[in-house]
>>> print(open('run16.txt').read())   # compact mmCIF, C-alpha atoms and all ligand atoms
# COMPACT_ATOMS: atom_id res chain seq x y z
CA MET N 1 -23.94 -34.48 -146.68
CA GLU N 2 -25.39 -31.96 -149.11
CA ASN N 3 -27.48 -33.27 -151.94
CA LYS N 4 -25.53 -33.03 -155.13
CA ASN N 5 -26.56 -34.36 -158.52
CA ILE N 6 -23.76 -36.49 -159.85
CA ILE N 7 -25.65 -37.28 -163.05
CA GLU N 8 -27.82 -34.79 -164.91
CA THR N 9 -29.31 -35.06 -168.38
CA TYR N 10 -31.16 -32.37 -170.30
CA ASN N 11 -33.50 -33.38 -173.13
CA LEU N 12 -31.21 -36.28 -173.87
CA SER N 13 -32.02 -38.15 -177.08
CA LYS N 14 -30.46 -40.87 -179.17
CA ILE N 15 -32.08 -41.41 -182.53
CA TYR N 16 -31.12 -44.25 -184.83
CA ARG N 17 -31.81 -43.67 -188.51
CA LEU N 18 -32.43 -46.87 -190.38
CA ARG N 19 -31.66 -47.60 -194.03
CA ASN N 20 -35.30 -47.18 -195.00
CA ALA N 21 -35.06 -43.63 -193.55
CA SER N 22 -37.32 -44.45 -190.60
CA GLU N 23 -36.20 -43.38 -187.14
CA ILE N 24 -36.01 -45.09 -183.79
CA LYS N 25 -35.96 -42.81 -180.77
CA ALA N 26 -34.05 -45.19 -178.52
CA VAL N 27 -33.75 -42.44 -175.89
CA ASP N 28 -36.35 -39.72 -176.17
CA GLU N 29 -35.94 -36.34 -174.41
CA VAL N 30 -34.81 -37.77 -171.09
CA ASN N 31 -34.32 -35.39 -168.16
CA LEU N 32 -32.74 -37.40 -165.39
CA LYS N 33 -31.13 -36.29 -162.14
CA VAL N 34 -29.31 -38.76 -159.93
CA GLN N 35 -28.04 -37.71 -156.52
CA GLU N 36 -24.62 -38.66 -155.27
CA GLY N 37 -24.88 -41.86 -153.22
CA GLU N 38 -28.26 -42.80 -154.63
CA PHE N 39 -29.17 -46.29 -155.85
CA LEU N 40 -31.47 -45.87 -158.83
CA THR N 41 -33.09 -48.66 -160.79
CA ILE N 42 -34.69 -48.23 -164.19
CA LEU N 43 -37.12 -50.99 -165.06
CA GLY N 44 -38.19 -51.52 -168.65
CA PRO N 45 -38.96 -54.24 -171.17
CA SER N 46 -36.50 -55.33 -173.82
CA GLY N 47 -36.06 -52.67 -176.50
CA SER N 48 -37.19 -49.76 -174.29
CA GLY N 49 -33.80 -48.02 -174.54
CA LYS N 50 -32.12 -49.03 -171.28
CA THR N 51 -28.75 -50.04 -172.71
CA THR N 52 -28.66 -46.99 -174.97
CA LEU N 53 -29.33 -44.69 -172.01
CA LEU N 54 -26.68 -46.34 -169.85
CA ASN N 55 -24.10 -46.15 -172.65
CA LEU N 56 -24.82 -42.43 -172.99
CA LEU N 57 -24.45 -41.86 -169.24
CA GLY N 58 -21.16 -43.76 -169.23
CA GLY N 59 -19.75 -41.79 -172.16
CA VAL N 60 -19.50 -44.95 -174.26
CA ASP N 61 -21.93 -43.52 -176.80
CA ARG N 62 -22.66 -39.92 -177.88
CA PRO N 63 -26.19 -38.46 -177.90
CA THR N 64 -27.98 -37.18 -181.00
CA THR N 65 -29.22 -34.16 -179.07
CA GLY N 66 -29.28 -33.01 -175.46
CA GLU N 67 -26.76 -32.80 -172.68
CA ILE N 68 -25.18 -35.02 -170.06
CA ARG N 69 -23.32 -33.81 -166.99
CA ILE N 70 -21.28 -36.26 -164.98
CA ASP N 71 -19.97 -34.89 -161.71
CA GLY N 72 -20.35 -31.37 -163.12
CA LEU N 73 -18.58 -32.10 -166.42
CA GLU N 74 -20.55 -31.65 -169.61
CA LEU N 75 -19.64 -34.68 -171.69
CA SER N 76 -20.24 -33.07 -175.11
CA LYS N 77 -17.57 -30.47 -174.31
CA LEU N 78 -14.90 -33.07 -173.63
CA THR N 79 -12.34 -34.33 -176.13
CA GLU N 80 -12.16 -38.08 -176.74
CA ARG N 81 -9.14 -38.19 -174.46
CA GLU N 82 -10.86 -36.38 -171.60
CA LEU N 83 -13.85 -38.65 -172.02
CA VAL N 84 -11.63 -41.71 -171.65
CA LYS N 85 -10.33 -40.20 -168.41
CA VAL N 86 -13.86 -39.66 -167.08
CA ARG N 87 -14.83 -43.23 -168.00
CA ARG N 88 -11.74 -44.60 -166.34
CA GLU N 89 -11.81 -42.53 -163.17
CA LYS N 90 -15.43 -41.82 -162.44
CA VAL N 91 -17.45 -44.65 -163.93
CA GLY N 92 -17.48 -48.40 -163.40
CA PHE N 93 -19.46 -50.32 -166.00
CA VAL N 94 -21.02 -53.77 -165.86
CA PHE N 95 -22.14 -54.47 -169.40
CA GLN N 96 -25.05 -56.67 -170.40
CA VAL N 97 -22.54 -59.14 -171.81
CA PHE N 98 -19.85 -59.60 -169.19
CA ASN N 99 -16.95 -58.71 -171.53
CA LEU N 100 -14.45 -60.84 -169.63
CA ILE N 101 -11.22 -61.69 -171.41
CA PRO N 102 -11.46 -65.46 -171.98
CA THR N 103 -7.71 -66.14 -171.84
CA LEU N 104 -7.24 -64.41 -168.49
CA THR N 105 -8.01 -65.82 -165.06
CA ALA N 106 -10.55 -64.25 -162.70
CA LEU N 107 -7.71 -62.47 -160.91
CA GLU N 108 -6.16 -61.17 -164.14
CA ASN N 109 -9.53 -60.00 -165.46
CA VAL N 110 -9.83 -57.69 -162.45
CA GLU N 111 -6.16 -56.75 -162.53
CA VAL N 112 -6.35 -55.33 -166.08
CA ALA N 113 -8.88 -52.75 -164.88
CA LEU N 114 -6.29 -51.49 -162.39
CA ALA N 115 -3.44 -51.35 -164.91
CA PRO N 116 -3.97 -47.67 -165.86
CA THR N 117 -4.25 -46.50 -162.25
CA VAL N 118 -1.99 -48.72 -160.10
CA ALA N 119 1.58 -48.96 -161.34
CA ASN N 120 2.79 -51.72 -159.03
CA ARG N 121 1.79 -55.21 -160.18
CA SER N 122 1.84 -56.88 -156.79
CA LYS N 123 -0.39 -54.08 -155.44
CA ARG N 124 -2.75 -54.68 -158.34
CA LEU N 125 -2.90 -58.40 -157.66
CA GLU N 126 -3.43 -57.84 -153.97
CA ARG N 127 -6.29 -55.43 -154.57
CA SER N 128 -7.79 -57.74 -157.23
CA SER N 129 -7.82 -60.70 -154.88
CA HIS N 130 -9.44 -58.55 -152.17
CA LEU N 131 -12.13 -57.52 -154.62
CA LEU N 132 -12.74 -61.11 -155.66
CA GLU N 133 -12.96 -62.19 -152.03
CA TRP N 134 -15.47 -59.42 -151.48
CA VAL N 135 -17.70 -60.81 -154.25
CA GLY N 136 -17.32 -64.31 -152.83
CA LEU N 137 -14.84 -65.64 -155.39
CA GLY N 138 -11.80 -65.95 -153.15
CA ARG N 139 -11.50 -69.62 -154.06
CA ARG N 140 -11.74 -69.09 -157.81
CA LEU N 141 -8.93 -66.61 -158.42
CA HIS N 142 -7.09 -68.72 -160.97
CA HIS N 143 -10.07 -70.00 -162.92
CA LEU N 144 -10.70 -68.94 -166.49
CA PRO N 145 -14.14 -67.48 -167.27
CA ALA N 146 -15.09 -70.67 -169.17
CA GLU N 147 -14.45 -72.65 -165.99
CA LEU N 148 -16.94 -70.56 -164.02
CA SER N 149 -20.72 -70.38 -163.84
CA ALA N 150 -22.63 -67.40 -165.25
CA GLY N 151 -23.16 -66.11 -161.71
CA GLU N 152 -19.46 -66.36 -160.95
CA GLN N 153 -18.56 -64.58 -164.19
CA GLN N 154 -20.99 -61.81 -163.30
CA ARG N 155 -19.27 -61.45 -159.92
CA ILE N 156 -15.93 -60.93 -161.70
CA ALA N 157 -17.54 -58.25 -163.87
CA ILE N 158 -18.80 -56.55 -160.70
CA ALA N 159 -15.43 -56.79 -158.92
CA ARG N 160 -13.87 -55.22 -162.02
CA ALA N 161 -16.41 -52.38 -162.13
CA PHE N 162 -15.66 -51.51 -158.51
CA ALA N 163 -11.88 -51.89 -158.90
CA ASN N 164 -10.97 -48.21 -159.26
CA GLU N 165 -13.52 -47.10 -156.65
CA PRO N 166 -15.50 -45.10 -159.19
CA LYS N 167 -18.03 -42.54 -157.98
CA ILE N 168 -20.61 -43.99 -160.35
CA ILE N 169 -21.40 -47.63 -161.11
CA LEU N 170 -23.57 -48.41 -164.13
CA LEU N 171 -25.08 -51.89 -164.23
CA ASP N 172 -26.76 -53.20 -167.38
CA GLU N 173 -28.98 -56.19 -166.54
CA PRO N 174 -26.69 -57.26 -163.67
CA THR N 175 -28.94 -60.22 -162.97
CA GLY N 176 -29.46 -61.25 -166.60
CA ASN N 177 -28.62 -64.90 -167.20
CA LEU N 178 -28.72 -65.60 -163.47
CA ASP N 179 -31.26 -67.54 -161.45
CA THR N 180 -33.29 -65.37 -159.07
CA ALA N 181 -31.38 -66.46 -155.93
CA THR N 182 -27.99 -65.59 -157.45
CA GLY N 183 -29.45 -62.40 -158.92
CA ARG N 184 -30.63 -61.34 -155.46
CA GLU N 185 -27.15 -62.03 -154.02
CA ILE N 186 -25.57 -59.85 -156.70
CA MET N 187 -28.04 -57.02 -156.09
CA LYS N 188 -27.53 -57.24 -152.32
CA MET N 189 -23.78 -56.95 -152.85
CA CYS N 190 -24.13 -53.87 -155.04
CA HIS N 191 -26.52 -52.31 -152.56
CA LYS N 192 -24.09 -52.93 -149.71
CA ALA N 193 -21.23 -51.32 -151.67
CA ASN N 194 -23.47 -48.38 -152.48
CA LYS N 195 -24.33 -47.82 -148.81
CA GLU N 196 -20.82 -48.43 -147.44
CA HIS N 197 -18.83 -46.40 -149.95
CA TYR N 198 -21.37 -43.78 -150.96
CA GLN N 199 -21.02 -44.79 -154.58
CA THR N 200 -23.84 -43.90 -156.91
CA VAL N 201 -25.41 -46.88 -158.66
CA VAL N 202 -27.67 -46.83 -161.70
CA THR N 203 -28.96 -50.21 -162.71
CA VAL N 204 -31.20 -50.93 -165.69
CA THR N 205 -33.09 -54.19 -165.92
CA HIS N 206 -36.25 -55.97 -166.96
CA ALA N 207 -36.18 -58.15 -163.80
CA ARG N 208 -38.91 -56.81 -161.54
CA TYR N 209 -37.57 -58.34 -158.30
CA VAL N 210 -34.56 -56.01 -158.52
CA ARG N 211 -36.81 -53.23 -157.19
CA GLU N 212 -36.38 -54.64 -153.66
CA PHE N 213 -32.80 -53.42 -153.55
CA THR N 214 -33.23 -49.91 -154.77
CA ASP N 215 -33.75 -46.40 -153.33
CA ARG N 216 -35.69 -45.14 -156.31
CA LEU N 217 -37.42 -46.78 -159.22
CA LEU N 218 -38.15 -45.32 -162.65
CA TYR N 219 -39.80 -46.99 -165.61
CA MET N 220 -38.67 -46.83 -169.21
CA ARG N 221 -40.93 -47.25 -172.23
CA ASP N 222 -40.05 -46.41 -175.84
CA GLY N 223 -37.11 -44.24 -174.83
CA LYS N 224 -38.95 -42.24 -172.18
CA LEU N 225 -38.69 -42.31 -168.40
CA TYR N 226 -41.70 -42.44 -166.08
CA THR N 227 -42.09 -42.32 -162.31
CA GLN N 228 -45.13 -44.63 -162.49
CA ILE N 229 -45.74 -47.74 -164.55
CA PRO N 230 -47.21 -46.11 -167.68
CA GLU N 231 -49.63 -48.97 -168.48
CA GLU N 232 -51.14 -48.81 -164.99
CA GLU N 233 -51.53 -45.03 -165.25
CA LEU N 234 -53.29 -45.51 -168.58
CA LEU N 235 -55.62 -48.10 -167.07
CA LYS N 236 -56.38 -45.78 -164.16
CA SER N 237 -57.23 -42.84 -166.39
CA ALA N 238 -59.33 -45.07 -168.64
CA HIS N 239 -61.15 -46.18 -165.51
CA ASN N 240 -61.71 -42.58 -164.38
CA LEU N 241 -63.17 -41.73 -167.74
CA SER N 242 -65.72 -44.52 -167.62
CA PRO N 243 -69.09 -43.49 -166.17
N1 LIG W 301 -27.10 -49.51 -183.27
C1 LIG W 301 -28.43 -49.48 -183.41
N2 LIG W 301 -29.01 -49.20 -184.59
C2 LIG W 301 -30.34 -49.12 -184.74
N3 LIG W 301 -31.22 -49.33 -183.73
C3 LIG W 301 -30.71 -49.63 -182.53
C4 LIG W 301 -29.30 -49.71 -182.29
N4 LIG W 301 -29.10 -50.02 -180.98
C5 LIG W 301 -30.34 -50.12 -180.44
N5 LIG W 301 -31.30 -49.88 -181.34
C6 LIG W 301 -32.75 -49.88 -181.10
O1 LIG W 301 -33.03 -48.96 -180.06
C7 LIG W 301 -34.04 -49.48 -179.19
C8 LIG W 301 -33.50 -49.54 -177.77
O2 LIG W 301 -32.49 -50.54 -177.68
P1 LIG W 301 -31.73 -50.88 -176.32
O3 LIG W 301 -31.22 -49.61 -175.73
O4 LIG W 301 -30.76 -51.94 -176.57
O5 LIG W 301 -32.96 -51.42 -175.43
P2 LIG W 301 -32.94 -52.32 -174.10
O6 LIG W 301 -31.57 -52.29 -173.52
O7 LIG W 301 -33.98 -51.69 -173.21
O8 LIG W 301 -33.36 -53.69 -174.52
C9 LIG W 301 -34.44 -50.82 -179.75
O9 LIG W 301 -35.58 -50.64 -180.52
C10 LIG W 301 -33.25 -51.21 -180.61
O10 LIG W 301 -33.66 -52.03 -181.66
MG MG W 302 -30.29 -53.83 -172.99
>>> encode(input="run16.txt", output="structure tokens")
Amino acid sequence: MENKNIIETYNLSKIYRLRNASEIKAVDEVNLKVQEGEFLTILGPSGSGKTTLLNLLGGVDRPTTGEIRIDGLELSKLTERELVKVRREKVGFVFQVFNLIPTLTALENVEVALAPTVANRSKRLERSSHLLEWVGLGRRLHHLPAELSAGEQQRIAIARAFANEPKIILLDEPTGNLDTATGREIMKMCHKANKEHYQTVVTVTHARYVREFTDRLLYMRDGKLYTQIPEEELLKSAHNLSP
């Protein structure tokens, strides 16, 4: 298959202006290219701009300056309505907070994601239960989120993100709140889906072990992306300078 960039950003920035007129460059001149089918992980400490970047890529948030292209579409040129369509059809999102609807069962939480795209309810329920089986929750279909562990809730969020077979899956701290063993399981599952269905996955996290399950790793610090751990590069150059 030819190499096609499904995500491209050009000098992408998001600047927050605070009441005291100071500025935070949450995302600072980011030029990112992600190839179709790639599994990319961005590792960065809390506050480095990971969630902001992911929200920009998913069209949930608008940039201050710069450009984003998703599957060839320039997001800034789209109307709100077209953007909703892109989000719905091309992007699956797993947010840092799971965003499950507390009054709906596991099955119904996945089903709602299919409501705009699958008209027939029994088809929706069938597909939802398949998805939940796939994430290992086949025996928890009728449980409410409050009746499930954090790991199980995260699996529902993942089943939901994959529901419409989006070309792009964006995962914000998919292993947050989970013990390392469960976190590994979740990452393995996403990696398998990525390889089997040629879906592009971008995951942002501060959990270093997540790097085991990725094709490419980038590092984020103060809104900027790096191919090497910036602190280690700094140490190296300091070392080189010393006599
Ligand atoms: N709505 C906002 N208003 C002002 N500052 C914000 C807002 N959202 C995020 N920030 C700031 O932007 C920076 C990046 O935040 P975020 O993208 O959430 O980082 P991460 O996900 O890596 O923890 C932080 O310094 C944060 O305080
Ligand atoms: Mg975050």
>>> residues_around(input="run16.txt", residues="Ile6 in chain N", least_positions_apart="4", cutoff="10 Å", atoms="only C-alpha atoms", output="JSON, numbers by chain")
{"N": [33, 34, 35, 36, 37, 38, 69, 70, 71, 72, 73, 167, 168, 200]}
>>> atom_distance(input="run16.txt", atom1="CA of Leu125 in chain N", atom2="CA of Lys188 in chain N")
25.2 Å
>>> residues_near_ligand(input="run16.txt", ligand="ligand MG 302 (chain W)", cutoff="12 Å", atoms="all atoms listed in the file", output="ChimeraX atom specification")
/N:26,42-55,94-97,171-176,203-207,220,223
>>> atom_distance(input="run16.txt", atom1="CA of Asn164 in chain N", atom2="CA of Glu126 in chain N")
13.3 Å
>>> axis_aligned_box(input="run16.txt", around="ligand LIG 301 (chain W)", padding_each_side="3 Å", output="lines of an AutoDock Vina configuration file")
center_x = -31.3
center_y = -51.3
center_z = -179.0
size_x = 14.5
size_y = 10.7
size_z = 17.5
>>> atom_distance(input="run16.txt", atom1="CA of Val112 in chain N", atom2="CA of Thr79 in chain N")
24.0 Å
>>> closest_residue(input="run16.txt", among="N:Arg140, N:Arg62, N:Lys14, N:Arg155", to="ligand LIG 301 (chain W)", atoms="all atoms listed in the file")
N:Lys14
>>> closest_residue(input="run16.txt", among="N:Ile101, N:Leu217, N:Ala193, N:Val27", to="ligand LIG 301 (chain W)", atoms="only C-alpha atoms and all ligand atoms")
N:Val27
>>> closest_residue(input="run16.txt", among="N:Lys4, N:Ile24, N:Asn31, N:His143", to="ligand LIG 301 (chain W)", atoms="all atoms listed in the file")
N:Ile24
>>> residues_around(input="run16.txt", residues="Leu75 in chain N", least_positions_apart="5", cutoff="10 Å", atoms="only C-alpha atoms", output="list in words")
Leu56, Leu57, Gly58, Gly59, Arg62, Pro63, Glu67, Ile68, Arg69, Ile70, Glu80, Glu82, Leu83 and Val86 of chain N
>>> closest_residue(input="run16.txt", among="N:Ile169, N:Ile15, N:Ala238, N:Ile7", to="ligand LIG 301 (chain W)", atoms="all atoms listed in the file")
N:Ile15
>>> closest_residue(input="run16.txt", among="N:Val135, N:Leu12, N:Leu18, N:Leu32", to="Gly151 in chain N", atoms="all atoms listed in the file")
N:Val135
>>> residues_around(input="run16.txt", residues="Thr227 in chain N", least_positions_apart="2", cutoff="8 Å", atoms="all atoms listed in the file", output="mmCIF file with C-alpha atoms, in the frame of the given file")
data_model
loop_
_atom_site.group_PDB
_atom_site.id
_atom_site.type_symbol
_atom_site.label_atom_id
_atom_site.label_comp_id
_atom_site.auth_asym_id
_atom_site.auth_seq_id
_atom_site.Cartn_x
_atom_site.Cartn_y
_atom_site.Cartn_z
ATOM 1 C CA LEU N 217 -37.420 -46.780 -159.220
ATOM 2 C CA LEU N 218 -38.150 -45.320 -162.650
ATOM 3 C CA TYR N 219 -39.800 -46.990 -165.610
ATOM 4 C CA LEU N 225 -38.690 -42.310 -168.400
ATOM 5 C CA ILE N 229 -45.740 -47.740 -164.550
#
>>> closest_residue(input="run16.txt", among="N:Ser129, N:Thr41, N:Thr182, N:Asn109", to="Arg208 in chain N", atoms="only C-alpha atoms")
N:Thr41
>>> residues_around(input="run16.txt", residues="Leu144 in chain N", least_positions_apart="2", cutoff="9 Å", atoms="all atoms listed in the file", output="count of residues only")
12
>>> residues_near_point(input="run16.txt", point="(-37.5, -39.3, -175.9)", cutoff="7 Å", atoms="all atoms listed in the file", output="PyMOL selection string")
chain N and resi 13+25+27-30+223-224
>>> build_atoms(input="run16.txt", residues="range 201-230 of chain N", atoms="N, CA and C atoms", output="mmCIF file, in the coordinates of the input")
data_model
loop_
_atom_site.group_PDB
_atom_site.id
_atom_site.type_symbol
_atom_site.label_atom_id
_atom_site.label_comp_id
_atom_site.auth_asym_id
_atom_site.auth_seq_id
_atom_site.Cartn_x
_atom_site.Cartn_y
_atom_site.Cartn_z
ATOM 1 N N VAL N 201 -25.177 -45.729 -157.784
ATOM 2 C CA VAL N 201 -25.410 -46.880 -158.660
ATOM 3 C C VAL N 201 -26.654 -46.625 -159.516
ATOM 4 N N VAL N 202 -26.501 -46.828 -160.812
ATOM 5 C CA VAL N 202 -27.670 -46.830 -161.700
ATOM 6 C C VAL N 202 -27.724 -48.196 -162.334
ATOM 7 N N THR N 203 -28.822 -48.896 -162.103
ATOM 8 C CA THR N 203 -28.960 -50.210 -162.710
ATOM 9 C C THR N 203 -30.188 -50.215 -163.616
ATOM 10 N N VAL N 204 -30.053 -50.799 -164.787
ATOM 11 C CA VAL N 204 -31.200 -50.930 -165.690
ATOM 12 C C VAL N 204 -31.480 -52.414 -165.886
ATOM 13 N N THR N 205 -32.746 -52.770 -165.886
ATOM 14 C CA THR N 205 -33.090 -54.190 -165.920
ATOM 15 C C THR N 205 -34.540 -54.402 -166.341
ATOM 16 N N HIS N 206 -34.848 -55.625 -166.754
ATOM 17 C CA HIS N 206 -36.250 -55.970 -166.960
ATOM 18 C C HIS N 206 -36.743 -56.883 -165.822
ATOM 19 N N ALA N 207 -35.818 -57.227 -164.883
ATOM 20 C CA ALA N 207 -36.180 -58.150 -163.800
ATOM 21 C C ALA N 207 -36.844 -57.394 -162.658
ATOM 22 N N ARG N 208 -38.134 -57.628 -162.466
ATOM 23 C CA ARG N 208 -38.910 -56.810 -161.540
ATOM 24 C C ARG N 208 -38.475 -56.964 -160.085
ATOM 25 N N TYR N 209 -37.935 -58.152 -159.715
ATOM 26 C CA TYR N 209 -37.570 -58.340 -158.300
ATOM 27 C C TYR N 209 -36.445 -57.425 -157.854
ATOM 28 N N VAL N 210 -35.691 -56.884 -158.826
ATOM 29 C CA VAL N 210 -34.560 -56.010 -158.520
ATOM 30 C C VAL N 210 -35.006 -54.762 -157.746
ATOM 31 N N ARG N 211 -36.304 -54.424 -157.869
ATOM 32 C CA ARG N 211 -36.810 -53.230 -157.190
ATOM 33 C C ARG N 211 -36.651 -53.282 -155.667
ATOM 34 N N GLU N 212 -36.554 -54.500 -155.110
ATOM 35 C CA GLU N 212 -36.380 -54.640 -153.660
ATOM 36 C C GLU N 212 -35.110 -53.992 -153.139
ATOM 37 N N PHE N 213 -34.125 -53.856 -154.012
ATOM 38 C CA PHE N 213 -32.800 -53.420 -153.550
ATOM 39 C C PHE N 213 -32.487 -51.997 -153.945
ATOM 40 N N THR N 214 -33.513 -51.215 -154.211
ATOM 41 C CA THR N 214 -33.230 -49.910 -154.770
ATOM 42 C C THR N 214 -33.787 -48.780 -153.902
ATOM 43 N N ASP N 215 -33.215 -47.574 -154.026
ATOM 44 C CA ASP N 215 -33.750 -46.400 -153.330
ATOM 45 C C ASP N 215 -34.884 -45.777 -154.135
ATOM 46 N N ARG N 216 -34.724 -45.818 -155.458
ATOM 47 C CA ARG N 216 -35.690 -45.140 -156.310
ATOM 48 C C ARG N 216 -35.871 -45.973 -157.570
ATOM 49 N N LEU N 217 -37.089 -45.979 -158.055
ATOM 50 C CA LEU N 217 -37.420 -46.780 -159.220
ATOM 51 C C LEU N 217 -38.025 -45.875 -160.294
ATOM 52 N N LEU N 218 -37.522 -46.008 -161.516
ATOM 53 C CA LEU N 218 -38.150 -45.320 -162.650
ATOM 54 C C LEU N 218 -38.478 -46.384 -163.690
ATOM 55 N N TYR N 219 -39.378 -46.044 -164.585
ATOM 56 C CA TYR N 219 -39.800 -46.990 -165.610
ATOM 57 C C TYR N 219 -39.466 -46.427 -166.969
ATOM 58 N N MET N 220 -39.006 -47.285 -167.870
ATOM 59 C CA MET N 220 -38.670 -46.830 -169.210
ATOM 60 C C MET N 220 -39.558 -47.526 -170.224
ATOM 61 N N ARG N 221 -40.130 -46.713 -171.125
ATOM 62 C CA ARG N 221 -40.930 -47.250 -172.230
ATOM 63 C C ARG N 221 -40.621 -46.432 -173.467
ATOM 64 N N ASP N 222 -40.293 -47.095 -174.562
ATOM 65 C CA ASP N 222 -40.050 -46.410 -175.840
ATOM 66 C C ASP N 222 -39.167 -45.167 -175.695
ATOM 67 N N GLY N 223 -38.085 -45.318 -174.924
ATOM 68 C CA GLY N 223 -37.110 -44.240 -174.830
ATOM 69 C C GLY N 223 -37.412 -43.170 -173.816
ATOM 70 N N LYS N 224 -38.585 -43.270 -173.152
ATOM 71 C CA LYS N 224 -38.950 -42.240 -172.180
ATOM 72 C C LYS N 224 -38.949 -42.803 -170.761
ATOM 73 N N LEU N 225 -38.681 -41.907 -169.808
ATOM 74 C CA LEU N 225 -38.690 -42.310 -168.400
ATOM 75 C C LEU N 225 -39.973 -41.860 -167.723
ATOM 76 N N TYR N 226 -40.469 -42.718 -166.833
ATOM 77 C CA TYR N 226 -41.700 -42.440 -166.080
ATOM 78 C C TYR N 226 -41.478 -42.752 -164.605
ATOM 79 N N THR N 227 -42.189 -42.018 -163.745
ATOM 80 C CA THR N 227 -42.090 -42.320 -162.310
ATOM 81 C C THR N 227 -43.111 -43.389 -161.914
ATOM 82 N N GLN N 228 -44.131 -43.596 -162.747
ATOM 83 C CA GLN N 228 -45.130 -44.630 -162.490
ATOM 84 C C GLN N 228 -45.147 -45.582 -163.675
ATOM 85 N N ILE N 229 -45.619 -46.798 -163.442
ATOM 86 C CA ILE N 229 -45.740 -47.740 -164.550
ATOM 87 C C ILE N 229 -46.745 -47.166 -165.551
ATOM 88 N N PRO N 230 -46.315 -46.821 -166.769
ATOM 89 C CA PRO N 230 -47.210 -46.110 -167.680
ATOM 90 C C PRO N 230 -48.498 -46.871 -168.006
#
